[in-house]
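Engineer: This is the content of data21.pdb (PDB, C-alpha atoms):
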```pdb
ATOM      1  CA  MET A 257      94.930-105.753   8.004
ATOM      2  CA  GLN A 258      92.878-102.640   7.333
ATOM      3  CA  VAL A 259      91.140-101.498   4.188
ATOM      4  CA  LYS A 260      89.493 -98.214   3.361
ATOM      5  CA  ARG A 261      85.739 -97.964   3.509
ATOM      6  CA  PHE A 262      83.870 -95.865   0.988
ATOM      7  CA  PRO A 263      80.264 -94.730   1.274
ATOM      8  CA  CYS A 264      78.008 -96.170  -1.396
ATOM      9  CA  ARG A 265      74.390 -95.979  -2.445
ATOM     10  CA  GLU A 266      72.210 -98.042  -4.764
ATOM     11  CA  VAL A 267      69.922 -96.009  -7.025
ATOM     12  CA  GLN A 268      67.823 -97.379  -9.912
ATOM     13  CA  GLY A 269      69.829-100.591 -10.015
ATOM     14  CA  ASN A 270      73.237 -98.885 -10.073
ATOM     15  CA  VAL A 271      75.769 -98.805  -7.243
ATOM     16  CA  TRP A 272      77.462 -95.425  -6.755
ATOM     17  CA  VAL A 273      80.649 -95.245  -4.684
ATOM     18  CA  TYR A 274      82.056 -91.993  -3.331
ATOM     19  CA  VAL A 275      85.863 -92.067  -3.521
ATOM     20  CA  PRO A 276      87.506 -89.007  -1.900
ATOM     21  CA  GLU A 277      90.699 -87.597  -3.294
ATOM     22  CA  GLY A 278      93.895 -88.880  -1.687
ATOM     23  CA  ASP A 279      93.597 -89.387   2.069
ATOM     24  CA  GLN A 280      90.677 -87.013   2.519
ATOM     25  CA  ARG A 281      87.663 -88.156   4.499
ATOM     26  CA  PRO A 282      84.239 -88.222   2.818
ATOM     27  CA  PRO A 283      82.116 -85.161   3.644
ATOM     28  CA  GLU A 284      79.281 -85.417   6.137
ATOM     29  CA  THR A 285      76.757 -84.719   3.368
ATOM     30  CA  LEU A 286      77.429 -86.609   0.154
ATOM     31  CA  PRO A 287      76.520 -85.248  -3.292
ATOM     32  CA  GLU A 288      73.158 -86.315  -4.698
ATOM     33  CA  VAL A 289      73.312 -89.328  -6.992
ATOM     34  CA  PRO A 290      72.165 -88.566 -10.569
ATOM     35  CA  ARG A 291      68.700 -89.959 -11.263
ATOM     36  CA  VAL A 292      67.269 -90.982 -14.603
ATOM     37  CA  PRO A 293      63.780 -89.486 -15.068
ATOM     38  CA  ASP A 294      60.583 -91.511 -15.555
ATOM     39  CA  VAL A 295      62.131 -94.937 -15.009
ATOM     40  CA  GLU A 296      62.344 -97.389 -12.147
ATOM     41  CA  GLU A 297      64.774-100.166 -11.323
ATOM     42  CA  ARG A 298      62.423-102.682 -12.923
ATOM     43  CA  HIS A 299      62.860-100.897 -16.285
ATOM     44  CA  TYR A 300      66.618-101.481 -16.260
ATOM     45  CA  ARG A 301      67.343-103.435 -19.410
ATOM     46  CA  LEU A 302      70.792-103.162 -21.003
ATOM     47  CA  VAL A 303      74.360-102.322 -19.899
ATOM     48  CA  ALA A 304      77.390-101.451 -21.993
ATOM     49  CA  ARG A 305      81.005-100.977 -20.865
ATOM     50  CA  SER A 306      84.128 -99.768 -22.667
ATOM     51  CA  LEU A 307      87.697 -98.871 -21.769
ATOM     52  CA  PHE A 308      89.361 -95.908 -23.461
ATOM     53  CA  PRO A 309      93.153 -95.325 -23.439
ATOM     54  CA  CYS A 310      92.987 -91.552 -23.034
ATOM     55  CA  SER A 311      92.644 -88.909 -20.340
ATOM     56  CA  ILE A 312      89.409 -88.175 -18.477
ATOM     57  CA  ASP A 313      89.409 -84.679 -20.034
ATOM     58  CA  HIS A 314      89.501 -86.153 -23.528
ATOM     59  CA  THR A 315      86.611 -88.508 -22.861
ATOM     60  CA  VAL A 316      84.488 -85.854 -21.114
ATOM     61  CA  VAL A 317      84.854 -83.554 -24.125
ATOM     62  CA  GLY A 318      83.728 -86.414 -26.363
ATOM     63  CA  LEU A 319      80.794 -87.139 -24.070
ATOM     64  CA  MET A 320      79.559 -83.545 -24.017
ATOM     65  CA  ASP A 321      80.461 -82.288 -27.500
ATOM     66  CA  PRO A 322      77.071 -81.707 -29.196
ATOM     67  CA  ALA A 323      78.626 -81.681 -32.686
ATOM     68  CA  HIS A 324      80.455 -85.021 -32.565
ATOM     69  CA  GLY A 325      77.480 -87.259 -33.395
ATOM     70  CA  PRO A 326      77.256 -86.731 -37.186
ATOM     71  CA  PHE A 327      80.998 -87.244 -37.590
ATOM     72  CA  VAL A 328      81.666 -90.050 -35.111
ATOM     73  CA  HIS A 329      78.510 -92.156 -35.014
ATOM     74  CA  ARG A 330      77.992 -92.779 -38.709
ATOM     75  CA  ALA A 331      76.571 -96.135 -39.734
ATOM     76  CA  TRP A 332      74.136 -97.428 -42.346
ATOM     77  CA  TRP A 333      71.566 -98.160 -39.630
ATOM     78  CA  TRP A 334      71.912 -94.755 -37.910
ATOM     79  CA  ARG A 335      73.008 -91.898 -40.211
ATOM     80  CA  SER A 336      75.216 -91.566 -43.293
ATOM     81  CA  ARG A 337      77.669 -88.919 -44.455
ATOM     82  CA  ARG A 338      75.260 -87.792 -47.172
ATOM     83  CA  SER A 339      72.472 -87.174 -44.659
ATOM     84  CA  MET A 340      74.397 -84.510 -42.693
ATOM     85  CA  HIS A 341      72.864 -81.036 -42.681
ATOM     86  CA  GLU A 342      73.131 -77.798 -40.743
ATOM     87  CA  LYS A 343      71.135 -77.625 -37.512
ATOM     88  CA  SER A 344      71.148 -75.905 -34.140
ATOM     89  CA  LYS A 345      70.288 -76.905 -30.571
ATOM     90  CA  SER A 346      69.226 -74.850 -27.562
ATOM     91  CA  PHE A 347      70.948 -75.190 -24.183
ATOM     92  CA  ALA A 348      69.954 -74.099 -20.693
ATOM     93  CA  PRO A 349      71.756 -74.187 -17.336
ATOM     94  CA  SER A 350      70.839 -77.047 -15.001
ATOM     95  CA  ASP A 351      72.033 -78.530 -11.730
ATOM     96  CA  LEU A 352      75.770 -79.314 -11.898
ATOM     97  CA  GLY A 353      75.934 -78.568 -15.612
ATOM     98  CA  PHE A 354      73.717 -77.786 -18.572
ATOM     99  CA  THR A 355      70.896 -79.315 -20.617
ATOM    100  CA  MET A 356      70.225 -79.625 -24.323
ATOM    101  CA  VAL A 357      66.554 -78.702 -24.051
ATOM    102  CA  ARG A 358      63.853 -81.024 -25.324
ATOM    103  CA  HIS A 359      63.630 -81.138 -29.112
ATOM    104  CA  ARG A 360      62.685 -83.406 -31.998
ATOM    105  CA  PRO A 361      65.541 -85.764 -32.927
ATOM    106  CA  SER A 362      67.413 -85.171 -36.156
ATOM    107  CA  SER A 363      65.530 -86.303 -39.230
ATOM    108  CA  ASN A 364      68.587 -88.233 -40.458
ATOM    109  CA  SER A 365      68.723 -90.510 -37.383
ATOM    110  CA  LYS A 366      67.010 -93.623 -38.700
ATOM    111  CA  ALA A 367      66.594 -95.463 -35.409
ATOM    112  CA  TYR A 368      64.322 -92.743 -33.991
ATOM    113  CA  LYS A 369      61.856 -93.326 -36.846
ATOM    114  CA  LEU A 370      61.021 -96.737 -35.368
ATOM    115  CA  LEU A 371      59.490 -94.955 -32.383
ATOM    116  CA  GLY A 372      56.819 -93.093 -34.358
ATOM    117  CA  ALA A 373      56.107 -89.472 -35.239
ATOM    118  CA  GLU A 374      55.832 -87.838 -31.817
ATOM    119  CA  VAL A 375      59.384 -88.293 -30.530
ATOM    120  CA  SER A 376      61.344 -85.804 -28.433
ATOM    121  CA  THR A 377      64.637 -85.988 -26.598
ATOM    122  CA  GLU A 378      66.435 -84.063 -23.856
ATOM    123  CA  ILE A 379      70.085 -84.502 -22.885
ATOM    124  CA  ARG A 380      71.409 -83.417 -19.490
ATOM    125  CA  PHE A 381      75.099 -83.120 -18.702
ATOM    126  CA  GLU A 382      76.229 -83.169 -15.082
ATOM    127  CA  LEU A 383      79.816 -82.320 -14.291
ATOM    128  CA  PRO A 384      82.237 -83.861 -13.937
ATOM    129  CA  SER A 385      81.321 -86.846 -16.136
ATOM    130  CA  THR A 386      77.648 -87.835 -16.371
ATOM    131  CA  ARG A 387      75.238 -87.676 -19.310
ATOM    132  CA  ILE A 388      71.515 -88.528 -19.153
ATOM    133  CA  GLU A 389      69.411 -88.740 -22.309
ATOM    134  CA  HIS A 390      65.629 -88.895 -22.005
ATOM    135  CA  ILE A 391      63.642 -89.896 -25.106
ATOM    136  CA  ARG A 392      59.874 -89.584 -24.939
ATOM    137  CA  PHE A 393      57.441 -91.027 -27.460
ATOM    138  CA  GLY A 394      53.733 -91.238 -26.686
ATOM    139  CA  LYS A 395      53.373 -92.609 -23.164
ATOM    140  CA  HIS A 396      56.721 -94.400 -23.250
ATOM    141  CA  HIS A 397      60.310 -93.494 -22.396
ATOM    142  CA  ILE A 398      63.811 -94.604 -23.331
ATOM    143  CA  CYS A 399      66.571 -93.295 -21.084
ATOM    144  CA  GLY A 400      70.318 -93.652 -21.193
ATOM    145  CA  LEU A 401      72.738 -93.003 -18.346
ATOM    146  CA  THR A 402      76.406 -92.601 -19.326
ATOM    147  CA  THR A 403      79.219 -92.184 -16.798
ATOM    148  CA  LEU A 404      83.000 -91.924 -17.084
ATOM    149  CA  THR A 405      85.391 -93.147 -14.396
ATOM    150  CA  PRO A 406      89.157 -92.440 -14.556
ATOM    151  CA  LEU A 407      91.100 -95.581 -13.650
ATOM    152  CA  ALA A 408      94.543 -94.105 -14.384
ATOM    153  CA  ALA A 409      96.012 -91.046 -16.088
ATOM    154  CA  MET A 410      95.391 -92.534 -19.540
ATOM    155  CA  ARG A 411      92.677 -95.099 -18.880
ATOM    156  CA  VAL A 412      88.970 -94.301 -18.535
ATOM    157  CA  GLU A 413      86.031 -96.653 -18.077
ATOM    158  CA  LEU A 414      82.720 -95.793 -19.697
ATOM    159  CA  HIS A 415      79.438 -97.291 -18.469
ATOM    160  CA  GLN A 416      76.097 -96.935 -20.213
ATOM    161  CA  VAL A 417      72.827 -98.155 -18.748
ATOM    162  CA  PHE A 418      69.706 -98.092 -20.904
ATOM    163  CA  TYR A 419      66.178 -98.207 -19.526
ATOM    164  CA  TRP A 420      62.896 -98.389 -21.402
ATOM    165  CA  THR A 421      59.206 -98.796 -20.731
ATOM    166  CA  VAL A 422      58.076-100.198 -24.087
ATOM    167  CA  PRO A 423      57.774-104.011 -24.055
ATOM    168  CA  TRP A 424      58.714-104.730 -27.683
ATOM    169  CA  LEU A 425      62.210-103.277 -27.201
ATOM    170  CA  THR A 426      62.924-106.017 -24.686
ATOM    171  CA  LEU A 427      62.282-108.581 -27.437
ATOM    172  CA  LEU A 428      64.870-106.816 -29.614
ATOM    173  CA  ARG A 429      67.545-106.807 -26.905
ATOM    174  CA  PRO A 430      69.540-109.741 -28.387
ATOM    175  CA  LEU A 431      69.691-107.846 -31.696
ATOM    176  CA  LEU A 432      70.878-104.635 -30.019
ATOM    177  CA  ARG A 433      73.851-106.147 -28.198
ATOM    178  CA  PRO A 434      76.204-106.382 -31.229
ATOM    179  CA  PHE A 435      75.810-102.649 -31.905
ATOM    180  CA  ARG A 436      77.045-101.502 -28.483
ATOM    181  CA  PRO A 437      80.814-101.923 -28.992
ATOM    182  CA  ARG A 438      80.623-100.420 -32.493
ATOM    183  CA  LEU A 439      79.204 -97.176 -31.137
ATOM    184  CA  HIS A 440      81.766 -97.001 -28.340
ATOM    185  CA  ARG A 441      84.777 -97.822 -30.480
ATOM    186  CA  ALA A 442      83.830 -95.263 -33.127
ATOM    187  CA  GLY A 443      84.580 -92.224 -30.987
ATOM    188  CA  PRO A 444      88.134 -92.935 -29.768
ATOM    189  CA  ARG A 445      89.233 -94.591 -33.021
ATOM    190  CA  ARG A 446      88.149 -91.700 -35.206
ATOM    191  CA  GLY A 447      89.421 -89.207 -32.677
ATOM    192  CA  GLY A 448      92.975 -90.524 -32.893
ATOM    193  CA  GLN A 449      92.726 -93.135 -30.116
ATOM    194  CA  ALA A 450      91.905 -96.846 -30.080
ATOM    195  CA  ALA A 451      89.500 -98.485 -27.684
ATOM    196  CA  ALA A 452      91.172-100.868 -25.268
ATOM    197  CA  GLY A 453      88.264-103.260 -25.033
ATOM    198  CA  THR A 454      84.568-103.748 -24.607
ATOM    199  CA  GLU A 455      82.294-105.959 -22.611
TER     200      GLU A 455
END
```
Please lay out the structure from this file as structure tokens.

Structural biologist:
Amino acid sequence: MQVKRFPCREVQGNVWVYVPEGDQRPPETLPEVPRVPDVEERHYRLVARSLFPCSIDHTVVGLMDPAHGPFVHRAWWWRSRRSMHEKSKSFAPSDLGFTMVRHRPSSNSKAYKLLGAEVSTEIRFELPSTRIEHIRFGKHHICGLTTLTPLAAMRVELHQVFYWTVPWLTLLRPLLRPFRPRLHRAGPRRGGQAAAGTE
């Protein structure tokens, strides 16, 4: 019996596997693995996983659409319909994609207010399906890595890994867990799809 072997690499507590298309052999030089800035493996704190019954194109558009947040991720503890207002963001080209350059978070996002007055965030999108958000407040950081993996033509797996350097957030981790599936389910349900499941 023979099985295929795929090159893999562990970076910041995550295992990345290179799967070539069809029967192609992996290239001699593999692509660089995306790295989350200002965190180490020891800061790895929380993982979320969801399955979406839609195409990879549909989920990538949802991942990268800068305007979807106010419409999709509405909740009493985050932002309400009445708090929506006109705003603009600046973008710049970056390696394998583009970056929403560092800026102050929206004033109607309640959760950011827990972090204090001097909060800024930067969001980097790497094609084909990776998003890295880097929140900075004082000397601390909160970072989120989001990836999408197509499992079939109409089935996509989303993984989110959150890292942080502030100790008191670790104490709140049990309270944060129930909110993970609500955020994930909101997008596909309101976009005309239904989430297949969460972990």

Engineer: Just to confirm, what's the straight-line distance from atom CA of His396 of chain A to atom CA of Leu425 of chain A in Å (one decimal)?

Structural biologist: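 Straight-line distance from atom CA of His396 of chain A to atom CA of Leu425 of chain A works out to 11.2 Å.
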
Engineer: Applied to the shown file, which residues does the PyMOL selection byres ((chain A and resi 356-360) around 6) return, written as a list in words?

Structural biologist: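 Selected by the PyMOL selection byres ((chain A and resi 356-360) around 6) in this file: Ser346, Phe347, Thr355, Pro361, Ser376, Thr377, Glu378 and Ile379 of chain A.
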
Engineer: Would you mind reading off the distance between atom CA of Gly400 of chain A and atom CA of Phe418 of chain A, one decimal, in Å?

Structural biologist: 4.5 Å

Engineer: For the atom pair atom CA of Gly394 of chain A and atom CA of Glu374 of chain A, what is the interatomic distance in Å to one decimal place?

Structural biologist: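 If I compute the distance from atom CA of Gly394 of chain A to atom CA of Glu374 of chain A, I get 6.5 Å.
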
Engineer: So, counting all atoms listed in the file, which residue among A:Lys369, A:Arg291, A:Arg387, A:Lys260 is closest to Asp321 of chain A?

Structural biologist: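 Under the stated criterion, the closest residue is A:Arg387.
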
Engineer: For this structure, which residues satisfy the selection - the PyMOL selection byres ((chain A and resi 315-320) around 8) - when it is evaluated on the file as given? I want them as a list in words.

Structural biologist: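 When the PyMOL selection byres ((chain A and resi 315-320) around 8) is applied to the shown file, the picked residues are Phe308, Cys310, Ser311, Ile312, Asp313, His314, Asp321, Pro322, His324, Phe381, Pro384, Ser385, Arg387, Leu404, Val412 and Gly443 of chain A.
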
Engineer: Translate the PyMOL selection byres ((chain A and resi 296) around 10) into a concrete residue list for this structure, as a ChimeraX atom specification.

Structural biologist: /A:267-269,291-295,297-300,419-421

Engineer: Identify which of the residues A:Leu428, A:Glu288, A:Ala409, A:Pro423 lies closest to Pro309 of chain A, counting only C-alpha atoms when measuring atom-to-atom distances.

Structural biologist: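 Ranked by minimum distance to Pro309 of chain A, first place goes to A:Ala409.
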
Engineer: Using only C-alpha atoms, which residues sit within 10 Å of Phe393 of chain A once same-chain residues fewer than 4 positions away are excluded, as a list of chain:residue names?

Structural biologist: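 Contacts, with the query itself left out: A:Tyr368, A:Leu371, A:Gly372, A:Ala373, A:Glu374, A:Val375, A:Ser376, A:Thr377, A:His397, A:Ile398, A:Val422.
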
Engineer: Could you tell me which of A:Ile391, A:Leu383, A:Leu302, A:Leu352 comes closest to Val417 of chain A if we count only C-alpha atoms?

Structural biologist: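 Checking each candidate against Val417 of chain A, we get A:Leu302 as the closest.
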
Engineer: Counting all atoms listed in the file, figure out which residue out of A:Ile388, A:Lys395, A:Ser306, A:Lys345 gets nearest to Arg411 of chain A.

Structural biologist: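 Going through A:Ile388, A:Lys395, A:Ser306, A:Lys345 one by one, the smallest distance to Arg411 of chain A is for A:Ser306.
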